[in-house]
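Asks: Below are the structure tokens for one structure; questions will follow.
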Amino acid sequence: MSFPLFTVTILYDNRTIQDDLLPSHGFSCMVENDRGKKVLFDTGESGPLLLANMQRLGIDASTIEKVVLSHEHYDHVGGLISLLANRIDIEIFILPSFSTAFRKKILDLNGDLKEVSEGMEILPGLFSTGEVVGAINEQGLVVVGKEKALFIGGCCHPGLERMVSTASQVAGQPVGGVMGGLHLCQSEDEEIESQLQNLKKLGVDRIAPCHCTGFTGMDMARDIWDSGYFTTGVGMKLEWE
Ligand SMILES: [Fe+2]
Ligand SMILES: [Fe+2]
């Protein structure tokens, strides 16, 4: 079995790693395989800001084939409208929990909606976790690797461990990398520490937290993972195989 190399690029985040890129509350990243197939995971809140960052990173928005939306919060789905303005051929993967109003908006723009319930292959080696149930239902992405998988989360509202263990089941291998919004920004310090230590015990050896992880969570992750910690922000790239 061969394992394609995937590159994940952050396009929308609360922070940026380059002065010419724009930070804003929200999340979006692009997952690209080694054959140039591109999937967008979330779209941030502002379409113009998302498109500006893509342009500055040299990414042609018309080459995105699929969009996976983690959950229906404005800071993850707002940018989709701009992306669809001139395109009707992008497949958009949503969850059963998405509202009728949202679906109508997308269908009115001739968007091609697909509903994901269970774990589903999006590209060879790239899966949706399926709908993980929680206070707010959510899907994440999981990239299968040679030995371990990479999990990418939008906000992880159903809980970090639940999202990561679902990702591991769908990938059929342990999760070794965690990236994205980890939603630790509203938790007490002890709770954040215990959630991060649990990830470490599950075998996560690389972590790239951003968006709603919060500064305390990011600082603790840097202390716990040391060289396995990756500083995030718009423009950051992570390779996985
Ligand atoms: Fe969010
Ligand atoms: Fe959210």
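Chain identifiers are assigned as A, B, and so on, following the order in which chains appear in the structure tokens; residues are numbered from 1 within each chain, and ligands are numbered from 1 in order of appearance.
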According to DSSP computed on the backbone, where in region 31-136 of chain A is there strand (DSSP E)? Give the residues as a ChimeraX atom specification.
Replies: /A:31-33,38-41,64-68,91-94,112-115,120-123,126-128
Asks: Quick one: residues within 10 Å of ligand 2, with only C-alpha atoms and all ligand atoms, as number ranges by chain?
Replies: A: 26-27, 70-77, 136-138, 154-157, 181-183, 211-212
Asks: Among chain A, which ones does DSSP assign to alpha helix (DSSP H) (computed from the backbone)? Answer as JSON, numbers by chain.
Replies: {"A": [47, 48, 49, 50, 51, 52, 53, 54, 55, 56, 74, 75, 76, 77, 80, 81, 82, 83, 84, 100, 101, 102, 103, 104, 105, 106, 107, 108, 160, 161, 162, 163, 164, 165, 166, 167, 168, 169, 170, 171, 189, 190, 191, 192, 193, 194, 195, 196, 197, 198, 199, 200, 201, 215, 216, 217, 218, 219, 220, 221, 222, 223, 224, 225]}
Asks: Pick the closest to ligand 1 from A:Leu21, A:Ile152, A:Asn14, A:Leu126: which is it, counting only C-alpha atoms and all ligand atoms?
Replies: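 Nearest to ligand 1: A:Asn14.
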Asks: Find, counting only C-alpha atoms and all ligand atoms, the residue in A:Ile64, A:Val178, A:Met30, A:Cys210 that gets nearest to ligand 1.
Replies: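 Using only C-alpha atoms and all ligand atoms, the shortest distance to ligand 1 belongs to A:Cys210.
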Asks: May I ask which of the residues A:Ala149, A:Val116, A:Ala208, A:Cys185 is the closest one to ligand 1, counting only C-alpha atoms and all ligand atoms?
Replies: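 Answer, going by the shortest atom-to-atom distance: A:Cys185.
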Asks: Nearest residue to Gln173 (chain A) out of A:Pro23, A:Gly145, A:Arg87, A:Ser99, using only C-alpha atoms?
Replies: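 Closest to Gln173 (chain A) of all the choices is A:Gly145.
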Asks: At a cut-off of 12 Å, using only C-alpha atoms, what residues contact region 193-198 of chain A? Leave out same-chain residues fewer than 4 positions from it and give the result as an MDAnalysis selection string.
Replies: chainID A and resid 159:162 164:165 178 182:184 187:189 202:207 209 213 216:225
Asks: So that I can see what lies close to Leu84 (chain A), please list as a PyMOL selection string the residues with an atom at most 12 Å from it, counting only C-alpha atoms and leaving out residues fewer than 2 positions away in the same chain.
Replies: chain A and resi 43+47-48+51+61-62+64-67+77-82+86-92+105-113
Asks: Please identify all polymer residues within 9 Å of Pro96 (chain A), counting only C-alpha atoms, omitting same-chain residues fewer than 2 positions from it, and present them as a PDB file with C-alpha atoms, in the first residue's frame.
Replies:
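Resulting contents of selection-v1.pdb:
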ATOM      1  CA  ILE A  94     -21.874  18.998   5.466  1.00  0.00           C
ATOM      2  CA  PHE A  98     -26.669  21.653   9.439  1.00  0.00           C
ATOM      3  CA  SER A  99     -29.723  23.925   9.325  1.00  0.00           C
ATOM      4  CA  GLU A 115     -24.164  14.895   3.640  1.00  0.00           C
ATOM      5  CA  VAL A 116     -21.683  13.006   5.800  1.00  0.00           C
ATOM      6  CA  SER A 117     -22.911  10.841   8.695  1.00  0.00           C
ATOM      7  CA  GLU A 131     -20.535  13.401  12.501  1.00  0.00           C
TER       8      GLU A 131
END
Asks: Choose the residue, out of A:Thr231, A:Ser24, A:Thr129, A:Thr16, that has the smallest atom-to-atom separation from ligand 1; count only C-alpha atoms and all ligand atoms.
Replies: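 Checking each of A:Thr231, A:Ser24, A:Thr129, A:Thr16 against ligand 1, counting only C-alpha atoms and all ligand atoms, the winner is A:Ser24.
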Asks: So the first atom is CA of Arg103 (chain A) and the second is CA of Leu40 (chain A); what is the distance between them in Å, to one decimal place?
Replies: 18.1 Å
Asks: When distances are computed from only C-alpha atoms and all ligand atoms, which of A:Glu45, A:Asp226, A:Glu121, A:Glu191 shows the smallest separation from ligand 1?
Replies: A:Glu45
